[in-house]
Every structure is written in structure tokens, then in C-alpha cells.
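Participant: Before I ask anything, here is the structure I am working with.
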2 protein chains.
Amino acid sequence: SGGVTAAKGFLAAGVSAGMKRSRKPDLALVVAEKAVPAACVFTLNKIKAAPVLISQERIEKGKAQAVFLNSAGANCLTGKPGHKDALKISAAVSDALGIDDESLLIASTGIIGQRLPVAKIEKTLPDLVAGLSKKGHALAAAGILTTDTVIKEAAIETAIGNTKVRVGGMSKGSGMIAPSMATMLAVITTDALIAPKFLRKLLCEVTDETFNVISVDGDMSTNDTVFMLASGASGKKIQPNTAAAKTFKAALKEVCEKLAYAIVKDGEGALRTMEVNVEGAKNIEQAQRCARQVALSPLVKTMLTGGDPNVGRIAGAVGASLVDFDPEKLVVYIGKTKVIAKNTALEVRSAIGKKLLTKPHVALRICLNAGKAKGRMVTCDLSKEYVHINTAYPT
Amino acid sequence: SGGVTAAKGFLAAGVSAGMKRSRKPDLALVVAEKAVPAACVFTLNKIKAAPVLISQERIEKGKAQAVFLNSAGANCLTGKPGHKDALKISAAVSDALGIDDESLLIASTGIIGQRLPVAKIEKTLPDLVAGLSKKGHALAAAGILTTDTVIKEAAIETAIGNTKVRVGGMSKGSGMIAPSMATMLAVITTDALIAPKFLRKLLCEVTDETFNVISVDGDMSTNDTVFMLASGASGKKIQPNTAAAKTFKAALKEVCEKLAYAIVKDGEGALRTMEVNVEGAKNIEQAQRCARQVALSPLVKTMLTGGDPNVGRIAGAVGASLVDFDPEKLVVYIGKTKVIAKNTALEVRSAIGKKLLTKPHVALRICLNAGKAKGRMVTCDLSKEYVHINTAYPT
């Protein structure tokens, strides 16, 4: 437990600047004692929000002291005025913290195309800074939520040699979630001692296997960012190609996996989650393409909503991915039950099918038998509630 | 008017073999007087239904006399027994017609993974054949529907030189609709006199611009086929690189466009349709990729359902397509109203936005200003009704 402040050397806070109707927290702040090694992974979307462009520039030097996030507007498609707004808010935050503005990273999430209420945010900054504490992690996690229904935190303590090292974090995201980042933000902290370059390498690798394999609706956001700060407060040095690095990476992956899974589980309108495991693909690109096609298929997703094993939809999506395989050799399982083999949909009694598909978490296993590569995606079902939320939002 | 029998030399029929609960027609037949030049375009899906595999083989020789279609089962993922079923039904149909079995093309649509009721179908064939007539086009068009709510027909008469030539057809499709074919079937007929090779070329070109630019849900079916038969009964010869070919292609395109648009308009749960026109792309591949990303975005589609101009979703999808463009130069219009320019979402008063997006047909124009290539997709909105239909189907 402890979320984003589980690691030594970090404080966090979350408060409301009154930008959400619900008056729930809409601002969040995570602060280290000094500028520490830091790394980020940003959205690949060609349309990038102002805070993304600013943080991209600032992270170049591999160090940062704090991350400031707001969840009441994406500050994207706001042109030059929006860029100025972001710089103005950033300056006010670093002033309030008494830190170098260049060592502050920023993020925004919410509606695209609306200006941020700069004055409201500035007025609330003293409260935000005053709230910084070890216990502030949960309020900070609340301060970044939009259509999310629950806060998303994870933390791990692991022994590396004789030293205990902690990795913790928080994330948000619920709609506009797709690989290559999602409408998601995450802040990960650790008290391990890691050089910026290696931290960046680890974060990229782990993000590819966690945040980049989740999807709610296949839409890629303009604001996605994963921030990671390493305070070094545990004293444990993590260097490339060591057993310590391996243990540390496993801990980082576990935290990111939990935070990523929490996003899918809280997917807009989602009743249940589904993992799509593809094996026996010709290469990794094909394995991932196949997993993605199945995970994004509205027909597979509505099958999951209805709990009815209409397995032709799975085969249809596998075939539509245009990866190499022989239909005669394709084998598909739902859980441990074989549902497709020898180019035939196997009979699954309706009651059993219903039981397989109405679990809170459904695992599909797709064996292409065309090679050795594996791929994986984690997604959720597509319900009327998803349509309702996105039809009504924002009005 | 006249649908698939508008062209001289074709008869059609549709009857019920009792496979649909509604007792509506579930079998359709289109027959020419003799084996005539024919061409097909098939789904690219790697999983292909038995009738697709059989028709693919038979069309190789470029001639066909009849097309037999059923809409109460896809006969896909039914293994070798399903393949035998298809051959058995085909033999029975050609027997009943007294034609060479190799000149019969076949198609199926409906649930994947269930065997066809061969005996039921065989028993109904005398009725089907007895029903063949010029007026049978509407019953044939009904015989191929699944979740469709209306029959889809189109026909054109055009003068080429001094001769009147007719092109007509029918189509079906409502869900699992995506480019590279959809859960759709279409049969097009003409009385023009065209060699099989040139017919095939024309059909491929026109399909790429019509059936292949529509999408309901981005899912690609295992059964899609467009059949085309040319009876030559008008006596007008159409040869490559002539004015006649140009006129004929325009007529063919108009028929295919109408049949394709009818599919989107009748998209599962659809309230309205949307065309996405991309211009100024670096090349055609990028133009089409961008149009496709926007047309398939669940967030853009639910925006269309809600009628609320949340234009950030359009920009998000354009950026997510990863095509080359400068965000500063991106200009987006809904109808004739500019909604994005200079990396800024322009203010559109809610009432005006609502008016723009709640028309029966909405046109998006996306100017990338990065080149000269154009792309286009036609889609529909994503409603709760879509989810309802696909959650409940087939049980």
C-alpha cells in the first residue's frame, strides 16, 4: 500500500479547485525532495496536448522534482493561448513549491478543446502545496480521475540484496484507451537509485508490456503520459545487466501491470475484463496484431457483454487480422474449454458457454500453430453503458 | 427500379425454407439464361466460409449462370462436414435448375459455426425454382437479409451510344461491416456484353471505391462476396479504354454506391450516417488510413449518436492514425462549419453543433494540408441499440 508515496522520498497531495461539478479533487501533485532521475513515456498521437509538449522538452535532461496534474481539461486543441496557460500554471506551481520550473513535469486530462481556468487553479495552489504529505497518495490518485469510478494505486516492496526497495504509483483512465498509450496518466515512483538513461530504458520496456497492451475502445488519446521518478532514498543502486536490475524490473512490471489492469477493469461501462493471449504466431508483430484485432472487435466485446459464446466472432477477428495461419490448425480456448479446432466451432452447451463468459475475468487463448511468437492484450466488454457515457459526455 | 432483374436476361426468386423464426424468405436465387461472363470479389478474411471457398474455385473460369444464397447460417467454422453440406446443396440447386453445377455460385450468411439444415433447404428448392421471374427481385433481396431491417436494391438504365444498358443489384449487411468487405453480400447484374477479364477489373475497381469504404463496426466477415453477372442481352459490347467503358463504369459505380450506402444506413442500431472525407494527405494509403481511423473511432461514433460536437475526438482520431501532418495546419469541417484550425477547437455554439450533428447524414471534411491525396469512408453512429443487438444475438 501507499501508492505513489510508498517509495521513500516522495510526498503527494490532491485538492479540488472546483472544476468538477462533483467537487472531487481535480488537482494532484507528487514531489521529491530534490531533482531526481526521471523518465517519461508519452502518447504517439500526432495531436499532442500543451502539457505533453512541455513535459517532453523538460524530461530531455533526465531529471525532475515534481509532477503536477489536473483532470478538468486536456488543454489540447487550445492553440498558443493554451500553451501559454500551461506555462503560466507551471510557473505558479514551481513558485509555490520553491523549485526550478524546468524540473516540474505537467499533465492534463479531460475534455479536449477547452481552455483551463488558470485563475481558479492558481488560487488553489497554496492549499495543494500545504496538503503535501506521505498520506496524500489517495487524494492525489483521486485528483487525476475523469470518468473513472475508482482510484487506481499500486505499490510493492521488494528486497534487492539486503536492501528493501519500493515501487509505487497511481494511474487514471477509463475511455479512449488503446495501445500506444490511452487516455491515461500514470505516475510511478521508486526509492531505488537509478541513472536516468537506464530508468528510461526500463520504463519503456515495461510500458510496452503493460500500459501498451490494454484497450477499452481502441481510441488513442492526445494526453497520455507515464511519469517515473526515482528518489534513490533506499540507497540501493540499480545498474544494467545485474540481478538487482532483474528484480527491480519485475517489481516495476508488477506495479505497472496492476495499474494498467485497474484501468481496464474500470473501463467505461465495463462489466468484465478479457485477456487475449495469442501463441504460435509467425513473429511478434503478427502475434500482437492478432491479439489487438480480437481485443478491439466490437462483436467479440459485445459477445463478452452478452455472455453468449458466439465463437465465430473470435475466428472472424483472428482471420481479419490477416496474420499467417492455416484455418485447419487454429485452436481457440475460452478459459480451459476448447471452442474452435479443425476449422470447426465446437459445440459448447449454452449453460457452459454462459458460465465461461460471465466470469469477472475471461481468458481467451488463440493458438495459431504457425510459429513461436506470443502476443497479449487486455480489454473489457462493450456495454450500452459505454455508449451512454460517451453519448452524453460532456453535456 | 427492378433490382437484380432490371438488366435483361435475369430472373430471380426468394422463398422461406423455414429457417428464420419470422418465416421471412431465407433463400434467394438469381439466374441467367445461359452461362455468362461473371466476376466476384471475396472477403480477405483468412477464415473463409465453405461457400466462399467453393465460389472462389468456380469463378476462376470467368463464367457463371446462377447465384444461390441463403441467409440462415454462414456455413463457416463447420469443418469438412460443412463443406460437404455446401456441395450437396449446390448439386441439388443445379439439378433443380438443370444447369452445370460448376456454373452455380453460392453464398451463405448468418451465424458462424452452425451446420445448415440441408434437408429443409433441399425440400424448398422446387418452390424456389418455380418462383423465378422478372418480378422476383424483391423476394430475392429479402431472402439474403439477416439483421437488416430493409431490403437493399438499386438499378440504373443508361444510354451507351444508341443502346440502353442496365445495371442492377441487391445487397445485404448490417453488422460486422468493415472495409475489405463486410458481413455483406451483393449480386449485381447487367445486360452489357463484357469479357470476363474486363468485368473482373471493373468490379474490383468499383468495389474498392464503394463496398470497401463502408464500415459499421470495423469487423470483417468470413462470408462477404460481391457477385456480378453480365448477360450481354442488350447487345452493347463494352471494351477497355472506350467512352462506352467509362459510361458503363459510372453506372456500375452508382449502383454499387447505392447498395453500399444502403448497408451503412441500415447499420445495426444506426441513427444516422457519416462520411469522412480526408484531403491533402501525403499519399492515398495515408488518406485512407486517416479516414478509416476516424470512421472506426467509437468516440467519434458515439459523438454522432449524441449529436454533441466534441471535436477533440475527431482530432484525437486523426492524430492516432499517425499519418503525416502538421497539427498547426490541420483544418476540420463538420458540414460547411469549420470546427478545428490552428491547433485549436473553434467555438461552436451548442445549438449549432447539435444541428450539424443530428442531420440524417453528416459530412466530415478533414484537410491535412500535407499533400494532395484524398481518402473517404462512409460509416454510421454507434448506439445502445447496436450493443443490444449484438449482445442478444443469437440467443
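We label chains A, B, ... in the order they appear in the C-alpha cells, count residues from 1 in each chain, and number ligands from 1 in the order shown.
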Using only C-alpha atoms, which protein or nucleic acid residues come within 12 Å of Ile340 (chain A)? Drop anything in the same chain fewer than 6 positions from it, and give the result as a PyMOL selection string.
Facilitator: (chain A and resi 309-316+318+327-334+346-348+364-368) or (chain B and resi 47+76-79+112-113)
Participant: Taking only C-alpha atoms into account, what are the residues of chain B at most 7 Å from chain A, put as a PyMOL selection string?
Facilitator: chain B and resi 45-47+77-79+112-113+217+219-222+297-299+302-303+305-306+312+315-317+319-320+322+327+342-345+383-384+387+390-392
Participant: Contacts of Glu157 (chain A) at 7 Å or less, counting only C-alpha atoms, minus same-chain residues fewer than 4 places along, as a short mmCIF file (atom, residue, chain, number, x, y, z; two decimals) with N, CA, C and O atoms, in the first residue's frame?
Facilitator:
```
data_model
loop_
_atom_site.label_atom_id
_atom_site.label_comp_id
_atom_site.auth_asym_id
_atom_site.auth_seq_id
_atom_site.Cartn_x
_atom_site.Cartn_y
_atom_site.Cartn_z
N LYS A 164 15.78 -3.07 1.12
CA LYS A 164 14.39 -3.02 0.67
C LYS A 164 14.20 -1.84 -0.28
O LYS A 164 14.58 -0.71 0.04
N VAL A 165 13.58 -2.12 -1.41
CA VAL A 165 13.32 -1.08 -2.40
C VAL A 165 11.82 -1.07 -2.68
O VAL A 165 11.19 -2.11 -2.70
N ARG A 166 11.28 0.13 -2.83
CA ARG A 166 9.85 0.25 -3.08
C ARG A 166 9.55 0.86 -4.46
O ARG A 166 10.29 1.74 -4.92
N VAL A 167 8.51 0.35 -5.08
CA VAL A 167 8.00 0.93 -6.33
C VAL A 167 6.50 1.12 -6.13
O VAL A 167 5.81 0.20 -5.69
#
```
Participant: Enumerate as a compact mmCIF listing (two decimals) with N, CA, C and O atoms, in the first residue's frame all residues of region 84-232 of chain A assigned to alpha helix (DSSP H) by DSSP on the backbone, naming them with the chain letters and numbers the document uses.
Facilitator:
```txt
# COMPACT_ATOMS: atom_id res chain seq x y z
N LYS A 84 0.35 28.86 -23.50
CA LYS A 84 0.70 29.90 -22.51
C LYS A 84 0.06 29.60 -21.15
O LYS A 84 0.68 29.79 -20.10
N ASP A 85 -1.19 29.14 -21.19
CA ASP A 85 -1.88 28.76 -19.93
C ASP A 85 -1.04 27.73 -19.17
O ASP A 85 -0.84 27.83 -17.96
N ALA A 86 -0.58 26.70 -19.92
CA ALA A 86 0.18 25.62 -19.29
C ALA A 86 1.47 26.15 -18.66
O ALA A 86 1.82 25.79 -17.53
N LEU A 87 2.14 27.04 -19.39
CA LEU A 87 3.39 27.60 -18.87
C LEU A 87 3.12 28.47 -17.64
O LEU A 87 3.89 28.45 -16.67
N LYS A 88 2.02 29.20 -17.67
CA LYS A 88 1.66 30.09 -16.56
C LYS A 88 1.37 29.25 -15.30
O LYS A 88 1.85 29.56 -14.20
N ILE A 89 0.57 28.21 -15.49
CA ILE A 89 0.24 27.34 -14.35
C ILE A 89 1.51 26.67 -13.82
O ILE A 89 1.75 26.61 -12.61
N SER A 90 2.35 26.21 -14.72
CA SER A 90 3.59 25.55 -14.32
C SER A 90 4.45 26.49 -13.48
O SER A 90 4.98 26.11 -12.43
N ALA A 91 4.57 27.73 -13.94
CA ALA A 91 5.38 28.71 -13.21
C ALA A 91 4.80 28.95 -11.81
O ALA A 91 5.54 29.03 -10.81
N ALA A 92 3.49 29.00 -11.73
CA ALA A 92 2.84 29.23 -10.44
C ALA A 92 3.07 28.05 -9.50
O ALA A 92 3.32 28.22 -8.30
N VAL A 93 3.01 26.82 -10.03
CA VAL A 93 3.23 25.63 -9.21
C VAL A 93 4.67 25.59 -8.71
O VAL A 93 4.93 25.37 -7.51
N SER A 94 5.63 25.83 -9.60
CA SER A 94 7.03 25.75 -9.15
C SER A 94 7.36 26.88 -8.19
O SER A 94 8.14 26.69 -7.24
N ASP A 95 6.74 28.04 -8.38
CA ASP A 95 6.88 29.14 -7.41
C ASP A 95 6.40 28.69 -6.04
O ASP A 95 7.08 28.86 -5.02
N ALA A 96 5.19 28.13 -6.02
CA ALA A 96 4.60 27.71 -4.75
C ALA A 96 5.45 26.65 -4.07
O ALA A 96 5.51 26.57 -2.83
N LEU A 97 6.11 25.82 -4.88
CA LEU A 97 6.96 24.76 -4.32
C LEU A 97 8.37 25.25 -4.02
O LEU A 97 9.14 24.58 -3.33
N VAL A 118 -7.31 29.12 -15.48
CA VAL A 118 -5.99 29.35 -14.88
C VAL A 118 -6.09 29.99 -13.49
O VAL A 118 -5.43 29.56 -12.54
N ALA A 119 -6.96 31.02 -13.38
CA ALA A 119 -7.04 31.75 -12.11
C ALA A 119 -7.51 30.83 -10.97
O ALA A 119 -6.95 30.84 -9.87
N LYS A 120 -8.53 30.01 -11.30
CA LYS A 120 -9.05 29.06 -10.31
C LYS A 120 -7.94 28.13 -9.82
O LYS A 120 -7.84 27.81 -8.63
N ILE A 121 -7.16 27.63 -10.77
CA ILE A 121 -6.09 26.70 -10.41
C ILE A 121 -5.05 27.41 -9.55
O ILE A 121 -4.64 26.91 -8.50
N GLU A 122 -4.62 28.61 -9.99
CA GLU A 122 -3.60 29.36 -9.24
C GLU A 122 -4.05 29.62 -7.80
O GLU A 122 -3.27 29.49 -6.86
N LYS A 123 -5.32 29.97 -7.66
CA LYS A 123 -5.86 30.30 -6.33
C LYS A 123 -5.80 29.09 -5.39
O LYS A 123 -5.71 29.25 -4.16
N THR A 124 -5.84 27.88 -5.97
CA THR A 124 -5.92 26.67 -5.15
C THR A 124 -4.53 26.10 -4.83
O THR A 124 -4.39 25.20 -4.00
N LEU A 125 -3.50 26.64 -5.49
CA LEU A 125 -2.16 26.06 -5.33
C LEU A 125 -1.64 26.06 -3.90
O LEU A 125 -1.04 25.07 -3.46
N PRO A 126 -1.85 27.15 -3.13
CA PRO A 126 -1.36 27.13 -1.74
C PRO A 126 -1.94 25.94 -0.96
O PRO A 126 -1.21 25.26 -0.23
N ASP A 127 -3.23 25.68 -1.12
CA ASP A 127 -3.87 24.53 -0.47
C ASP A 127 -3.23 23.22 -0.90
O ASP A 127 -3.01 22.31 -0.09
N LEU A 128 -2.97 23.13 -2.20
CA LEU A 128 -2.39 21.90 -2.75
C LEU A 128 -1.03 21.64 -2.12
O LEU A 128 -0.75 20.53 -1.63
N VAL A 129 -0.19 22.68 -2.10
CA VAL A 129 1.16 22.52 -1.57
C VAL A 129 1.12 22.25 -0.07
O VAL A 129 1.87 21.41 0.45
N ALA A 130 0.20 22.92 0.62
CA ALA A 130 0.07 22.71 2.07
C ALA A 130 -0.35 21.28 2.38
O ALA A 130 -0.05 20.75 3.44
N HIS A 137 -1.26 10.26 -0.93
CA HIS A 137 -1.31 9.50 -2.19
C HIS A 137 -2.73 9.25 -2.70
O HIS A 137 -2.98 9.31 -3.91
N ALA A 138 -3.65 8.96 -1.80
CA ALA A 138 -5.02 8.62 -2.24
C ALA A 138 -5.73 9.85 -2.80
O ALA A 138 -6.46 9.76 -3.80
N LEU A 139 -5.53 11.00 -2.17
CA LEU A 139 -6.14 12.23 -2.70
C LEU A 139 -5.52 12.60 -4.05
O LEU A 139 -6.22 13.05 -4.95
N ALA A 140 -4.20 12.38 -4.17
CA ALA A 140 -3.55 12.65 -5.46
C ALA A 140 -4.13 11.73 -6.53
O ALA A 140 -4.44 12.16 -7.65
N ALA A 141 -4.33 10.45 -6.17
CA ALA A 141 -4.89 9.48 -7.13
C ALA A 141 -6.30 9.87 -7.53
O ALA A 141 -6.74 9.64 -8.66
N ALA A 142 -7.03 10.51 -6.59
CA ALA A 142 -8.39 10.98 -6.91
C ALA A 142 -8.34 12.22 -7.80
O ALA A 142 -9.22 12.43 -8.64
N GLY A 143 -7.31 13.01 -7.62
CA GLY A 143 -7.21 14.29 -8.34
C GLY A 143 -6.98 14.14 -9.84
O GLY A 143 -7.08 15.12 -10.57
N PRO A 196 19.26 8.15 -15.05
CA PRO A 196 18.13 8.49 -15.91
C PRO A 196 18.03 7.62 -17.17
O PRO A 196 16.94 7.18 -17.54
N LYS A 197 19.15 7.36 -17.82
CA LYS A 197 19.12 6.64 -19.08
C LYS A 197 18.60 5.21 -18.89
O LYS A 197 17.77 4.72 -19.67
N PHE A 198 19.06 4.56 -17.82
CA PHE A 198 18.62 3.19 -17.57
C PHE A 198 17.16 3.17 -17.09
O PHE A 198 16.39 2.29 -17.44
N LEU A 199 16.80 4.18 -16.33
CA LEU A 199 15.42 4.32 -15.87
C LEU A 199 14.48 4.41 -17.08
O LEU A 199 13.44 3.75 -17.14
N ARG A 200 14.89 5.20 -18.06
CA ARG A 200 14.08 5.38 -19.26
C ARG A 200 13.94 4.06 -20.03
O ARG A 200 12.87 3.71 -20.50
N LYS A 201 15.04 3.34 -20.12
CA LYS A 201 15.03 2.06 -20.84
C LYS A 201 14.05 1.10 -20.15
O LYS A 201 13.20 0.48 -20.80
N LEU A 202 14.18 0.98 -18.84
CA LEU A 202 13.30 0.08 -18.09
C LEU A 202 11.83 0.48 -18.23
O LEU A 202 10.96 -0.36 -18.44
N LEU A 203 11.57 1.78 -18.13
CA LEU A 203 10.19 2.25 -18.20
C LEU A 203 9.58 1.96 -19.57
O LEU A 203 8.43 1.53 -19.68
N CYS A 204 10.38 2.18 -20.62
CA CYS A 204 9.88 1.90 -21.98
C CYS A 204 9.57 0.42 -22.14
O CYS A 204 8.51 0.05 -22.67
N GLU A 205 10.48 -0.42 -21.70
CA GLU A 205 10.27 -1.86 -21.84
C GLU A 205 9.03 -2.32 -21.09
O GLU A 205 8.21 -3.08 -21.61
N VAL A 206 8.91 -1.85 -19.87
CA VAL A 206 7.78 -2.29 -19.04
C VAL A 206 6.46 -1.70 -19.55
O VAL A 206 5.43 -2.38 -19.56
N THR A 207 6.48 -0.47 -20.02
CA THR A 207 5.26 0.14 -20.57
C THR A 207 4.76 -0.64 -21.78
O THR A 207 3.55 -0.86 -21.94
N ASP A 208 5.69 -1.08 -22.62
CA ASP A 208 5.30 -1.87 -23.79
C ASP A 208 4.55 -3.14 -23.42
O ASP A 208 3.68 -3.60 -24.15
N GLU A 209 4.89 -3.71 -22.28
CA GLU A 209 4.27 -4.98 -21.87
C GLU A 209 3.06 -4.78 -20.96
O GLU A 209 2.39 -5.75 -20.61
```
Participant: Set the distance at 10 Å and use only C-alpha atoms: which residues neighbour Gly173 (chain A) once local chain neighbours fewer than 3 positions away are removed? I'd like the list as number ranges by chain.
Facilitator: A: 109, 144-149, 151-152, 176-177, 182-186, 216, 224, 259-260, 262-264, 266-268
Participant: Can you pull out the residues contacting Ala363 (chain A)? Cut-off 12 Å, using only C-alpha atoms, and skip same-chain residues under 4 positions away; I want them as a PDB file with N, CA and C atoms, in the first residue's frame.
Facilitator:
```pdb
ATOM      1  N   ARG A 272     -16.953  -6.715 -17.367  1.00  0.00           N
ATOM      2  CA  ARG A 272     -15.901  -7.702 -17.116  1.00  0.00           C
ATOM      3  C   ARG A 272     -14.697  -7.436 -18.007  1.00  0.00           C
ATOM      4  N   THR A 273     -13.593  -8.084 -17.670  1.00  0.00           N
ATOM      5  CA  THR A 273     -12.367  -7.911 -18.443  1.00  0.00           C
ATOM      6  C   THR A 273     -12.039  -9.191 -19.204  1.00  0.00           C
ATOM      7  N   MET A 274     -11.218  -9.043 -20.219  1.00  0.00           N
ATOM      8  CA  MET A 274     -10.848 -10.197 -21.038  1.00  0.00           C
ATOM      9  C   MET A 274      -9.385 -10.075 -21.440  1.00  0.00           C
ATOM     10  N   GLU A 275      -8.631 -11.153 -21.251  1.00  0.00           N
ATOM     11  CA  GLU A 275      -7.288 -11.133 -21.805  1.00  0.00           C
ATOM     12  C   GLU A 275      -7.251 -12.027 -23.026  1.00  0.00           C
ATOM     13  N   VAL A 276      -6.563 -11.545 -24.044  1.00  0.00           N
ATOM     14  CA  VAL A 276      -6.452 -12.285 -25.295  1.00  0.00           C
ATOM     15  C   VAL A 276      -4.992 -12.699 -25.437  1.00  0.00           C
ATOM     16  N   ASN A 277      -4.735 -13.982 -25.290  1.00  0.00           N
ATOM     17  CA  ASN A 277      -3.380 -14.491 -25.436  1.00  0.00           C
ATOM     18  C   ASN A 277      -3.244 -15.206 -26.761  1.00  0.00           C
ATOM     19  N   VAL A 278      -2.333 -14.713 -27.590  1.00  0.00           N
ATOM     20  CA  VAL A 278      -2.090 -15.349 -28.884  1.00  0.00           C
ATOM     21  C   VAL A 278      -0.759 -16.079 -28.802  1.00  0.00           C
ATOM     22  N   ALA A 291      -3.833 -10.341 -31.558  1.00  0.00           N
ATOM     23  CA  ALA A 291      -4.408 -10.101 -30.226  1.00  0.00           C
ATOM     24  C   ALA A 291      -5.193  -8.793 -30.223  1.00  0.00           C
ATOM     25  N   ALA A 295      -9.131  -8.167 -29.519  1.00  0.00           N
ATOM     26  CA  ALA A 295      -9.456  -7.354 -28.343  1.00  0.00           C
ATOM     27  C   ALA A 295     -10.264  -6.122 -28.714  1.00  0.00           C
ATOM     28  N   LEU A 304     -18.888 -10.719 -25.149  1.00  0.00           N
ATOM     29  CA  LEU A 304     -18.476 -10.765 -23.746  1.00  0.00           C
ATOM     30  C   LEU A 304     -19.534 -10.109 -22.857  1.00  0.00           C
ATOM     31  N   VAL A 332      -8.747 -22.542 -30.525  1.00  0.00           N
ATOM     32  CA  VAL A 332      -9.107 -21.437 -29.628  1.00  0.00           C
ATOM     33  C   VAL A 332      -9.742 -21.992 -28.357  1.00  0.00           C
ATOM     34  N   TYR A 333      -9.303 -21.465 -27.224  1.00  0.00           N
ATOM     35  CA  TYR A 333      -9.867 -21.831 -25.930  1.00  0.00           C
ATOM     36  C   TYR A 333     -10.507 -20.613 -25.272  1.00  0.00           C
ATOM     37  N   ILE A 334     -11.640 -20.845 -24.575  1.00  0.00           N
ATOM     38  CA  ILE A 334     -12.143 -19.841 -23.625  1.00  0.00           C
ATOM     39  C   ILE A 334     -11.909 -20.465 -22.268  1.00  0.00           C
ATOM     40  N   GLY A 335     -11.089 -19.817 -21.458  1.00  0.00           N
ATOM     41  CA  GLY A 335     -10.643 -20.473 -20.232  1.00  0.00           C
ATOM     42  C   GLY A 335      -9.921 -21.743 -20.628  1.00  0.00           C
ATOM     43  N   LYS A 336     -10.317 -22.880 -20.082  1.00  0.00           N
ATOM     44  CA  LYS A 336      -9.667 -24.137 -20.456  1.00  0.00           C
ATOM     45  C   LYS A 336     -10.503 -24.957 -21.443  1.00  0.00           C
ATOM     46  N   THR A 337     -11.615 -24.385 -21.892  1.00  0.00           N
ATOM     47  CA  THR A 337     -12.504 -25.123 -22.791  1.00  0.00           C
ATOM     48  C   THR A 337     -12.182 -24.817 -24.246  1.00  0.00           C
ATOM     49  N   LYS A 338     -11.913 -25.883 -24.999  1.00  0.00           N
ATOM     50  CA  LYS A 338     -11.606 -25.734 -26.415  1.00  0.00           C
ATOM     51  C   LYS A 338     -12.895 -25.391 -27.142  1.00  0.00           C
ATOM     52  N   LEU A 356     -18.640 -19.734 -18.828  1.00  0.00           N
ATOM     53  CA  LEU A 356     -17.285 -19.361 -19.239  1.00  0.00           C
ATOM     54  C   LEU A 356     -17.149 -17.858 -19.440  1.00  0.00           C
ATOM     55  N   LEU A 357     -18.204 -17.266 -20.021  1.00  0.00           N
ATOM     56  CA  LEU A 357     -18.082 -15.868 -20.453  1.00  0.00           C
ATOM     57  C   LEU A 357     -18.575 -14.855 -19.441  1.00  0.00           C
ATOM     58  N   THR A 358     -19.227 -15.311 -18.374  1.00  0.00           N
ATOM     59  CA  THR A 358     -19.749 -14.327 -17.431  1.00  0.00           C
ATOM     60  C   THR A 358     -18.904 -14.232 -16.168  1.00  0.00           C
ATOM     61  N   LYS A 359     -17.710 -14.841 -16.213  1.00  0.00           N
ATOM     62  CA  LYS A 359     -16.770 -14.633 -15.105  1.00  0.00           C
ATOM     63  C   LYS A 359     -16.306 -13.174 -15.111  1.00  0.00           C
ATOM     64  N   ARG A 376      -0.273 -10.433 -26.551  1.00  0.00           N
ATOM     65  CA  ARG A 376      -1.251 -10.349 -25.470  1.00  0.00           C
ATOM     66  C   ARG A 376      -1.921  -8.990 -25.455  1.00  0.00           C
ATOM     67  N   MET A 377      -3.215  -8.989 -25.195  1.00  0.00           N
ATOM     68  CA  MET A 377      -3.936  -7.741 -24.985  1.00  0.00           C
ATOM     69  C   MET A 377      -4.910  -7.959 -23.839  1.00  0.00           C
ATOM     70  N   VAL A 378      -5.186  -6.899 -23.094  1.00  0.00           N
ATOM     71  CA  VAL A 378      -6.182  -6.973 -22.032  1.00  0.00           C
ATOM     72  C   VAL A 378      -7.227  -5.908 -22.322  1.00  0.00           C
ATOM     73  N   THR A 379      -8.482  -6.311 -22.321  1.00  0.00           N
ATOM     74  CA  THR A 379      -9.533  -5.369 -22.682  1.00  0.00           C
ATOM     75  C   THR A 379     -10.771  -5.614 -21.824  1.00  0.00           C
ATOM     76  N   CYS A 380     -11.851  -4.922 -22.107  1.00  0.00           N
ATOM     77  CA  CYS A 380     -13.097  -5.129 -21.376  1.00  0.00           C
ATOM     78  C   CYS A 380     -14.229  -5.258 -22.382  1.00  0.00           C
TER      79      CYS A 380
END
```
